[in-house]
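Participant: Got a file for you: data39.cif, mmCIF, C-alpha atoms.
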data_final
#
loop_
_atom_site.label_atom_id
_atom_site.label_comp_id
_atom_site.auth_asym_id
_atom_site.auth_seq_id
_atom_site.Cartn_x
_atom_site.Cartn_y
_atom_site.Cartn_z
CA LEU A 553 131.32 89.50 62.82
CA LEU A 554 128.51 87.67 64.55
CA ASN A 555 125.27 88.17 62.56
CA ILE A 556 122.33 88.47 64.95
CA ASN A 557 118.67 88.77 63.92
CA VAL A 558 116.49 89.78 66.86
CA GLY A 559 112.80 89.97 66.02
CA GLY A 560 113.55 91.00 62.43
CA LYS A 561 116.24 93.59 63.30
CA LEU A 562 119.81 92.85 62.18
CA PHE A 563 122.80 93.45 64.47
CA TYR A 564 126.49 92.85 63.70
CA ILE A 565 128.77 92.32 66.69
CA ALA A 566 132.48 91.44 66.67
CA TYR A 567 133.35 87.99 68.00
CA ASN A 568 136.03 89.34 70.32
CA ALA A 569 133.52 91.83 71.83
CA VAL A 570 131.05 89.14 72.92
CA ALA A 571 133.82 86.67 73.85
CA ARG A 572 134.81 88.98 76.71
CA TYR A 573 131.63 87.86 78.51
CA PRO A 574 131.71 84.05 78.15
CA ILE A 575 128.84 83.40 80.60
CA THR A 576 126.34 85.40 78.51
CA ARG A 577 124.24 83.79 75.77
CA LEU A 578 126.07 85.53 72.90
CA GLY A 579 129.42 84.89 74.58
CA LYS A 580 128.70 81.15 74.58
CA LEU A 581 127.50 81.41 70.98
CA ALA A 582 130.84 82.94 69.95
CA LEU A 583 132.98 80.45 71.90
CA TYR A 584 131.16 77.17 71.21
CA THR A 585 132.48 75.11 68.31
CA ASP A 586 129.81 72.42 68.39
CA PRO A 587 126.96 73.39 65.97
CA MET A 588 124.37 71.49 68.05
CA LYS A 589 125.21 73.52 71.17
CA LYS A 590 124.96 76.72 69.15
CA MET A 591 121.49 75.74 67.90
CA GLN A 592 120.36 75.27 71.50
CA LEU A 593 121.25 78.90 72.22
CA CYS A 594 119.16 80.46 69.41
CA ASP A 595 115.72 79.94 67.91
CA ASP A 596 116.86 79.45 64.31
CA TYR A 597 119.90 79.63 62.05
CA SER A 598 120.22 80.62 58.40
CA VAL A 599 123.09 78.77 56.68
CA GLN A 600 123.03 80.98 53.57
CA LYS A 601 123.29 84.22 55.54
CA ASN A 602 125.24 82.74 58.49
CA GLU A 603 122.65 84.46 60.68
CA TYR A 604 121.38 83.50 64.13
CA PHE A 605 117.73 84.31 64.80
CA PHE A 606 116.28 85.13 68.23
CA ASP A 607 112.57 85.63 68.71
CA ARG A 608 112.99 88.35 71.34
CA ASP A 609 112.19 92.05 71.77
CA PRO A 610 114.50 94.07 69.45
CA SER A 611 113.87 97.33 71.35
CA ILE A 612 115.41 95.88 74.51
CA PHE A 613 118.24 94.27 72.54
CA TYR A 614 119.51 97.75 71.64
CA TYR A 615 120.65 98.02 75.28
CA ILE A 616 122.27 94.57 75.07
CA PHE A 617 123.99 95.54 71.81
CA HIS A 618 125.33 98.73 73.41
CA PHE A 619 126.54 96.73 76.41
CA TYR A 620 128.75 94.47 74.25
CA ARG A 621 130.20 97.51 72.48
CA SER A 622 130.87 99.69 75.54
CA GLY A 623 130.87 97.29 78.49
CA VAL A 624 128.15 99.35 80.27
CA LEU A 625 124.48 98.43 80.52
CA TRP A 626 122.40 101.59 80.19
CA ILE A 627 118.79 101.67 81.39
CA MET A 628 116.29 104.23 80.13
CA ASP A 629 113.33 105.42 82.20
CA GLU A 630 110.75 104.44 79.59
CA VAL A 631 111.47 100.68 79.70
CA CYS A 632 109.18 98.35 81.61
CA PRO A 633 111.11 96.93 84.60
CA SER A 634 109.54 93.47 84.38
CA ASN A 635 110.14 93.17 80.64
CA PHE A 636 113.71 94.49 80.92
CA VAL A 637 114.65 92.04 83.71
CA GLU A 638 113.14 89.15 81.75
CA GLU A 639 115.13 90.08 78.64
CA ILE A 640 118.50 90.57 80.32
CA GLU A 641 118.04 87.27 82.18
CA TYR A 642 117.46 85.58 78.83
CA TRP A 643 120.64 87.08 77.39
CA GLY A 644 122.54 86.14 80.56
CA ILE A 645 123.55 89.69 81.50
CA HIS A 646 123.49 90.76 85.15
CA LEU A 647 122.18 94.09 86.35
CA LYS A 648 125.53 94.74 88.06
CA TYR A 649 126.99 95.78 84.69
CA SER A 650 124.85 98.95 84.75
CA GLN A 651 125.93 102.24 86.26
CA ARG A 652 125.09 102.75 89.93
CA CYS A 653 122.84 105.75 89.22
CA CYS A 654 120.86 103.78 86.62
CA ARG A 655 120.65 100.74 88.88
CA ILE A 656 119.32 102.72 91.86
CA LEU A 657 116.61 104.41 89.78
CA PHE A 658 115.71 101.12 88.11
CA GLU A 659 115.39 99.28 91.44
CA GLU A 660 113.21 102.10 92.80
CA LYS A 661 111.00 101.78 89.75
CA GLN A 662 110.86 98.00 90.27
CA ASP A 663 109.78 98.48 93.90
CA GLU A 664 107.11 101.00 92.87
CA LEU A 665 105.75 98.60 90.26
CA SER A 666 105.75 95.68 92.72
CA GLU A 667 103.95 97.81 95.32
CA TYR A 668 101.42 98.95 92.73
CA LEU A 669 100.67 95.39 91.61
CA LYS A 670 100.40 94.25 95.23
CA ILE A 671 97.91 97.01 96.05
CA GLN A 672 95.90 96.25 92.90
CA LYS A 673 95.69 92.61 93.93
CA GLU A 674 94.60 93.48 97.47
CA LEU A 675 92.00 95.96 96.17
CA GLU A 676 90.52 93.27 93.94
CA ALA A 677 90.51 90.86 96.88
CA GLU A 678 88.75 93.53 98.97
CA LEU A 679 85.79 93.49 96.57
CA GLU A 680 85.96 89.82 95.66
CA PRO A 681 82.87 88.05 97.00
CA LEU A 682 83.40 85.45 99.69
CA ASP A 683 81.46 82.88 97.67
CA SER A 684 81.21 82.93 93.90
CA ALA A 685 78.74 80.97 91.80
CA GLU A 686 80.99 77.96 91.23
CA HIS A 687 81.47 77.43 94.99
CA PHE A 688 77.84 76.31 95.30
CA GLU A 689 77.99 73.70 92.55
CA GLY A 690 77.53 70.19 93.86
CA LYS A 691 76.66 71.38 97.39
CA PHE A 692 73.50 70.44 99.31
CA LEU A 693 70.70 72.76 98.14
CA GLY A 694 73.37 74.65 96.20
CA ARG A 695 70.97 76.58 93.99
CA PHE A 696 68.79 77.68 96.90
CA ARG A 697 71.79 78.65 99.05
CA LYS A 698 73.26 80.62 96.16
CA MET A 699 69.99 82.52 95.80
CA ILE A 700 69.91 83.34 99.53
CA TRP A 701 73.59 84.33 99.49
CA ASN A 702 73.11 86.77 96.60
CA LEU A 703 70.04 88.16 98.34
CA ILE A 704 71.98 88.91 101.52
CA GLU A 705 75.53 89.51 100.30
CA ASN A 706 75.26 90.98 96.79
CA PRO A 707 73.03 94.08 96.78
CA TYR A 708 73.52 94.58 93.01
CA SER A 709 72.16 91.14 92.10
CA SER A 710 68.46 92.10 92.32
CA VAL A 711 66.02 94.70 93.58
CA PRO A 712 65.08 92.66 96.73
CA ALA A 713 68.81 92.36 97.54
CA LYS A 714 69.19 96.13 97.28
CA ILE A 715 66.17 96.61 99.58
CA ILE A 716 67.68 94.23 102.17
CA ALA A 717 70.99 96.12 102.03
CA VAL A 718 69.17 99.42 102.63
CA MET A 719 67.19 97.84 105.49
CA SER A 720 70.40 96.57 107.06
CA SER A 721 71.93 100.05 107.05
CA PHE A 722 68.65 101.51 108.33
CA PHE A 723 68.50 99.09 111.27
CA VAL A 724 72.14 99.85 112.14
CA LEU A 725 71.35 103.58 112.31
CA ILE A 726 68.15 102.97 114.28
CA SER A 727 70.05 100.77 116.73
CA ILE A 728 72.75 103.41 117.27
CA VAL A 729 70.13 106.14 117.75
CA GLY A 730 68.24 103.92 120.23
CA MET A 731 71.40 103.20 122.21
CA THR A 732 72.17 106.93 122.32
CA LEU A 733 68.67 107.90 123.45
CA SER A 734 68.70 105.22 126.16
CA THR A 735 71.36 107.25 128.00
CA VAL A 736 69.20 110.40 128.06
CA GLU A 737 67.70 110.98 131.51
CA GLU A 738 64.21 111.74 130.17
CA MET A 739 64.15 108.37 128.35
CA GLN A 740 65.07 106.34 131.42
CA HIS A 741 61.60 106.33 132.94
CA LYS A 742 59.41 103.25 132.66
CA THR A 743 57.68 104.05 129.34
CA GLY A 744 60.81 105.29 127.57
CA LYS A 745 62.83 102.34 128.84
CA MET A 746 60.21 99.92 127.57
CA TRP A 747 60.24 101.51 124.11
CA MET A 748 64.03 101.36 123.96
CA GLU A 749 64.03 97.69 124.98
CA GLN A 750 61.47 96.84 122.31
CA LEU A 751 63.47 98.73 119.68
CA GLU A 752 66.64 96.91 120.73
CA MET A 753 64.83 93.57 120.52
CA ILE A 754 63.57 94.28 116.98
CA CYS A 755 67.06 95.30 115.80
CA ALA A 756 68.64 92.25 117.46
CA ILE A 757 66.10 89.93 115.78
CA PHE A 758 66.86 91.47 112.37
CA PHE A 759 70.64 91.24 112.85
CA THR A 760 70.38 87.66 114.10
CA SER A 761 68.22 86.62 111.16
CA GLU A 762 70.63 88.29 108.75
CA TYR A 763 73.64 86.56 110.32
CA LEU A 764 71.97 83.13 110.35
CA MET A 765 70.94 83.49 106.70
CA ARG A 766 74.54 84.30 105.79
CA LEU A 767 75.81 81.38 107.86
CA ILE A 768 73.36 78.83 106.44
CA SER A 769 73.80 79.94 102.81
CA SER A 770 77.62 80.10 102.96
CA SER A 771 79.42 77.45 100.89
CA SER A 772 82.25 77.17 103.45
CA PHE A 773 81.66 77.64 107.17
CA LYS A 774 85.41 77.91 107.78
CA ASN A 775 85.84 80.81 105.36
CA PHE A 776 82.67 82.39 106.67
CA LEU A 777 83.89 82.46 110.27
CA ARG A 778 87.30 83.83 109.20
CA ALA A 779 85.81 86.78 107.27
CA ALA A 780 86.21 90.15 109.04
CA PHE A 781 82.73 91.46 108.18
CA ASN A 782 81.08 88.34 109.60
CA ALA A 783 83.04 88.78 112.83
CA VAL A 784 81.67 92.34 112.99
CA ASP A 785 78.14 90.98 112.52
CA LEU A 786 78.66 88.52 115.37
CA VAL A 787 79.96 91.26 117.68
CA ALA A 788 76.91 93.34 116.76
CA ILE A 789 74.39 90.74 118.00
CA LEU A 790 76.22 89.09 120.94
CA PRO A 791 75.79 92.01 123.42
CA PHE A 792 71.99 91.69 123.28
CA TYR A 793 72.00 88.02 124.32
CA ILE A 794 74.81 88.51 126.85
CA GLN A 795 72.81 91.39 128.36
CA ILE A 796 69.74 89.16 128.74
CA LEU A 797 71.87 86.48 130.40
CA PHE A 798 73.49 88.94 132.82
CA GLU A 799 70.18 90.59 133.69
CA ASN A 800 68.72 87.21 134.64
CA LEU A 801 71.80 86.49 136.75
CA ASP A 802 71.56 89.98 138.22
CA GLU A 803 67.97 89.43 139.38
CA GLY A 804 68.77 86.09 141.02
CA ASP A 805 71.91 87.41 142.70
CA THR A 806 70.05 90.47 143.99
CA LEU A 807 67.53 88.33 145.87
CA TYR A 808 70.30 86.17 147.25
CA HIS A 809 72.45 89.08 148.38
CA GLU A 810 69.54 90.97 149.90
CA GLU A 811 69.07 88.03 152.22
CA LEU A 812 72.79 87.99 153.11
CA HIS A 813 73.14 91.83 153.08
CA LYS A 814 76.02 91.62 150.57
CA VAL A 815 75.76 93.63 147.38
CA GLU A 816 79.39 93.93 146.29
CA ASN A 817 79.14 91.30 143.56
CA VAL A 818 75.86 92.79 142.34
CA SER A 819 77.50 96.18 141.78
CA LYS A 820 80.38 94.51 139.92
CA LEU A 821 77.85 92.66 137.76
CA GLY A 822 76.16 95.96 136.96
CA LYS A 823 79.44 97.45 135.76
CA VAL A 824 80.04 94.45 133.51
CA LEU A 825 76.50 94.81 132.16
CA LYS A 826 77.14 98.47 131.28
CA LEU A 827 80.29 97.42 129.44
CA ILE A 828 78.36 94.78 127.52
CA LYS A 829 75.76 97.39 126.53
CA LEU A 830 78.52 99.70 125.34
CA MET A 831 79.72 97.02 122.92
CA ARG A 832 76.63 97.71 120.81
CA ILE A 833 78.44 100.75 119.44
CA PHE A 834 80.43 98.35 117.22
CA ARG A 835 77.27 97.86 115.17
CA ILE A 836 78.16 101.00 113.28
CA LEU A 837 81.00 99.00 111.69
CA LYS A 838 78.34 97.03 109.82
CA LEU A 839 77.92 100.08 107.59
CA ALA A 840 81.33 99.32 106.08
CA ARG A 841 79.81 96.27 104.35
CA HIS A 842 77.93 98.52 101.91
CA SER A 843 80.06 101.68 102.14
CA THR A 844 82.94 102.09 99.70
CA GLY A 845 84.26 105.08 101.64
CA LEU A 846 84.57 103.16 104.91
CA ARG A 847 86.23 100.23 103.17
CA ALA A 848 88.66 102.60 101.45
CA PHE A 849 89.44 104.19 104.83
CA GLY A 850 90.14 100.83 106.44
CA PHE A 851 92.26 99.78 103.46
CA THR A 852 94.22 103.05 103.69
CA ILE A 853 95.00 102.49 107.37
CA ARG A 854 96.15 98.92 106.65
CA GLN A 855 98.41 100.06 103.82
CA CYS A 856 99.80 103.03 105.77
CA TYR A 857 100.29 101.27 109.11
CA GLN A 858 104.02 101.97 109.02
CA GLN A 859 103.48 105.72 108.61
CA VAL A 860 100.77 105.70 111.30
CA CYS A 861 103.02 103.80 113.73
CA CYS A 862 105.85 106.21 112.96
CA LEU A 863 103.53 109.14 113.67
CA LEU A 864 102.52 107.62 117.02
CA LEU A 865 106.19 107.11 117.84
CA PHE A 866 106.93 110.80 117.12
CA ILE A 867 103.96 111.84 119.28
CA ALA A 868 105.18 109.65 122.16
CA MET A 869 108.69 111.08 121.85
CA GLY A 870 107.30 114.62 121.84
CA VAL A 871 105.10 113.98 124.87
CA PHE A 872 107.97 112.54 126.92
CA THR A 873 110.45 115.21 125.82
CA PHE A 874 108.31 118.31 126.36
CA SER A 875 106.71 117.02 129.58
CA ALA A 876 110.21 116.49 131.02
CA LEU A 877 111.29 119.99 129.92
CA MET A 878 108.14 121.58 131.33
CA HIS A 879 108.54 119.82 134.67
CA SER A 880 112.17 120.90 134.93
CA VAL A 881 111.32 124.62 134.50
CA GLU A 882 107.97 124.70 136.37
CA HIS A 883 108.25 122.30 139.32
CA ASP A 884 109.53 125.01 141.71
CA VAL A 885 106.61 127.41 141.00
CA PRO A 886 104.16 127.56 143.96
CA GLY A 887 100.80 125.94 143.16
CA THR A 888 102.01 124.48 139.84
CA ASN A 889 100.23 121.57 138.21
CA PHE A 890 103.49 120.22 136.83
CA THR A 891 104.42 118.41 140.04
CA SER A 892 105.85 115.43 138.15
CA ILE A 893 106.58 114.34 134.60
CA PRO A 894 103.55 112.00 134.41
CA TYR A 895 101.30 114.93 135.47
CA ALA A 896 102.77 116.92 132.56
CA TRP A 897 101.95 114.22 130.00
CA TRP A 898 98.36 115.42 129.57
CA TRP A 899 99.50 119.00 128.92
CA ALA A 900 102.09 117.80 126.38
CA ALA A 901 99.54 115.57 124.59
CA VAL A 902 96.90 118.29 124.16
CA SER A 903 99.56 120.82 123.15
CA LEU A 904 101.09 118.52 120.54
CA SER A 905 97.66 117.85 119.08
CA THR A 906 97.14 121.69 118.94
CA VAL A 907 93.90 121.28 120.90
CA GLY A 908 95.10 123.17 123.97
CA TYR A 909 92.31 122.95 126.55
CA GLY A 910 94.02 125.51 128.76
CA ASP A 911 93.32 123.51 131.93
CA THR A 912 97.08 123.34 132.62
CA VAL A 913 99.29 126.26 131.61
CA PRO A 914 102.87 127.33 132.41
CA ASP A 915 103.49 130.41 134.60
CA THR A 916 107.15 131.20 133.89
CA VAL A 917 108.78 132.67 130.79
CA LEU A 918 110.87 129.55 130.28
CA GLY A 919 107.74 127.42 130.61
CA ARG A 920 105.98 129.46 127.92
CA MET A 921 108.98 129.09 125.63
CA VAL A 922 108.84 125.31 126.12
CA ALA A 923 105.09 125.44 125.41
CA PHE A 924 105.70 127.41 122.20
CA GLY A 925 108.24 124.80 121.09
CA CYS A 926 105.79 122.01 121.89
CA ILE A 927 102.98 123.66 119.89
CA SER A 928 105.29 124.37 116.94
CA PHE A 929 106.49 120.77 116.91
CA GLY A 930 102.86 119.62 117.04
CA ILE A 931 101.91 121.75 114.00
CA ILE A 932 104.81 120.34 111.98
CA LEU A 933 104.07 116.80 113.15
CA ASN A 934 100.36 116.96 112.34
CA GLY A 935 101.01 118.38 108.89
CA MET A 936 103.34 115.58 107.80
CA PRO A 937 101.02 112.57 107.32
CA ILE A 938 97.85 114.38 106.22
CA SER A 939 98.78 114.74 102.56
CA ILE A 940 100.12 111.17 102.37
CA LEU A 941 97.04 109.62 103.96
CA TYR A 942 94.59 111.80 102.03
CA ASN A 943 96.22 111.16 98.65
CA LYS A 944 96.31 107.43 99.24
CA PHE A 945 92.72 107.42 100.49
CA SER A 946 91.55 109.29 97.37
CA ASP A 947 93.48 106.90 95.15
CA TYR A 948 92.17 103.76 96.86
CA TYR A 949 88.60 105.10 96.92
CA ALA A 950 88.70 105.83 93.17
CA LYS A 951 90.11 102.38 92.43
CA LEU A 952 87.54 100.62 94.64
CA LYS A 953 84.75 102.55 92.88
CA ALA A 954 86.21 101.63 89.49
CA HIS A 955 86.38 97.93 90.46
CA GLU A 956 82.80 98.07 91.74
CA ASN A 957 81.57 99.59 88.48
CA GLU A 958 83.41 96.94 86.46
CA ALA A 959 81.88 94.22 88.62
#
In structure tokens, write the structure found in this file.
Facilitator:
Amino acid sequence: LLNINVGGKLFYIAYNAVARYPITRLGKLALYTDPMKKMQLCDDYSVQKNEYFFDRDPSIFYYIFHFYRSGVLWIMDEVCPSNFVEEIEYWGIHLKYSQRCCRILFEEKQDELSEYLKIQKELEAELEPLDSAEHFEGKFLGRFRKMIWNLIENPYSSVPAKIIAVMSSFFVLISIVGMTLSTVEEMQHKTGKMWMEQLEMICAIFFTSEYLMRLISSSSFKNFLRAAFNAVDLVAILPFYIQILFENLDEGDTLYHEELHKVENVSKLGKVLKLIKLMRIFRILKLARHSTGLRAFGFTIRQCYQQVCCLLLFIAMGVFTFSALMHSVEHDVPGTNFTSIPYAWWWAAVSLSTVGYGDTVPDTVLGRMVAFGCISFGIILNGMPISILYNKFSDYYAKLKAHENEA
């Protein structure tokens, strides 16, 4: 018998049992005749007891011991996958010796654990500050820049930092409200327009000052420009300055084209200016900087992009399928709106989403049967991802909150 002491637990295994697996650690121990080679395979050896000692986990070795006796590696659900793989690699036993059912369940558990650890790492990175205290050491005006950075970026560092964070959210809301009111007809007269322009100027000055303070106090300009939130801040302030530039160009071009009686380019410039003004709506994304819920939502979409893309694929397939069916049964009806498959896409899209505006409806019995199938498919389709997305969102939100509280 081969006397094995694993972490204080004694095991007795027949030499011929372990010799059947010569590439394993115990197989080599049984076959080697050189004492020095045997000592390299174990941690210690007792001459009096003729006992080989291994400083390993005895609870996992029970599975190894059973493997040498039966030739099958059993895996229980309660074992840690990482610890189990590390132990069997030490003993030189491959996972292929386990039963297929055990191996499939074990690999699934391994994948779940790897995915869990990956998500935990990404959640921590989501809340990890762009610049920590040590990044400012040895930099020009490092202490002052660190103070400014905490004031702007870390609202929990001091009361003034919390006030600035609240002011930032307040100015975002004021800016969005101002942009909304500027489209109201009553606010487009001279006085209302002047008030809206002044409000927009104040918000733009605040956002610009905030962005410049972040830029100047950052320890690494490269990392600062690559950060997503800073890109959002830049998009929030650029439309104001682009609008001023285009308005000045617009005034000069108007005088020039009035002399030449050509206003085509002026009208095109006006459309571009409206598009630039519309870009101010992206300022609402600045709220995600201090909103755990919005960050959890964005993180959920990034983690579930495969499910979301799959859902969009199913919707596209449904739209094409049911629009083709509806056109085939309705195109001969006088006065029908389903004159072609592309014209039926809108009906299929609103029916799949279960909105059903009723602006386009089938007239025949077959058409109504196709519509019923489309609506039924839409209900099933819309119900599939809701629970997955909601459960993951709740989980990520709770974890982000927990990490924030720990920080």
Participant: For A:Pro707, please output as a ChimeraX atom specification all residues within 10 Å (counting all atoms listed in the file; exclusion window: fewer than 4 positions along the same chain).
Facilitator: /A:702-703,711-718,842
Participant: If you measure from atom CA of A:Leu904 to atom CA of A:Ile927, what distance in Å do you get, rounded to one decimal?
Facilitator: 5.5 Å
Participant: Given only C-alpha atoms as the basis, pick out the residue of A:Phe658, A:Ile853, A:Pro633, A:Arg572 nearest to A:Ile940.
Facilitator: A:Ile853
Participant: Pick from A:Leu864, A:Leu790, A:Leu846, A:Ala582: nearest to A:Phe834, with all atoms listed in the file counted?
Facilitator: A:Leu790
Participant: Please evaluate the PyMOL selection byres ((chain A and resi 581) around 9) against the displayed coordinates and give the resulting residues as a ChimeraX atom specification.
Facilitator: /A:570-571,574,576-580,582-585,589-591,593-594
Participant: Take the residues from that selection and put them in a file with C-alpha atoms, as a short mmCIF file (atom, residue, chain, number, x, y, z; two decimals), in the coordinates of the input.
Facilitator:
data_model
loop_
_atom_site.label_atom_id
_atom_site.label_comp_id
_atom_site.auth_asym_id
_atom_site.auth_seq_id
_atom_site.Cartn_x
_atom_site.Cartn_y
_atom_site.Cartn_z
CA VAL A 570 131.05 89.14 72.92
CA ALA A 571 133.82 86.67 73.85
CA PRO A 574 131.71 84.05 78.15
CA THR A 576 126.34 85.40 78.51
CA ARG A 577 124.24 83.79 75.77
CA LEU A 578 126.07 85.53 72.90
CA GLY A 579 129.42 84.89 74.58
CA LYS A 580 128.70 81.15 74.58
CA ALA A 582 130.84 82.94 69.95
CA LEU A 583 132.98 80.45 71.90
CA TYR A 584 131.16 77.17 71.21
CA THR A 585 132.48 75.11 68.31
CA LYS A 589 125.21 73.52 71.17
CA LYS A 590 124.96 76.72 69.15
CA MET A 591 121.49 75.74 67.90
CA LEU A 593 121.25 78.90 72.22
CA CYS A 594 119.16 80.46 69.41
#
Participant: Run through the PyMOL selection byres ((chain A and resi 622) around 12) on the given coordinates and return the selected residues as a PyMOL selection string.
Facilitator: chain A and resi 565+569-570+572+615-621+623-626+649-650
Participant: Using all atoms listed in the file, find the one residue out of A:Val913, A:Met869, A:Leu877, A:Met746 that sits nearest to A:Gly930.
Facilitator: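 The closest residue to A:Gly930 is A:Met869.
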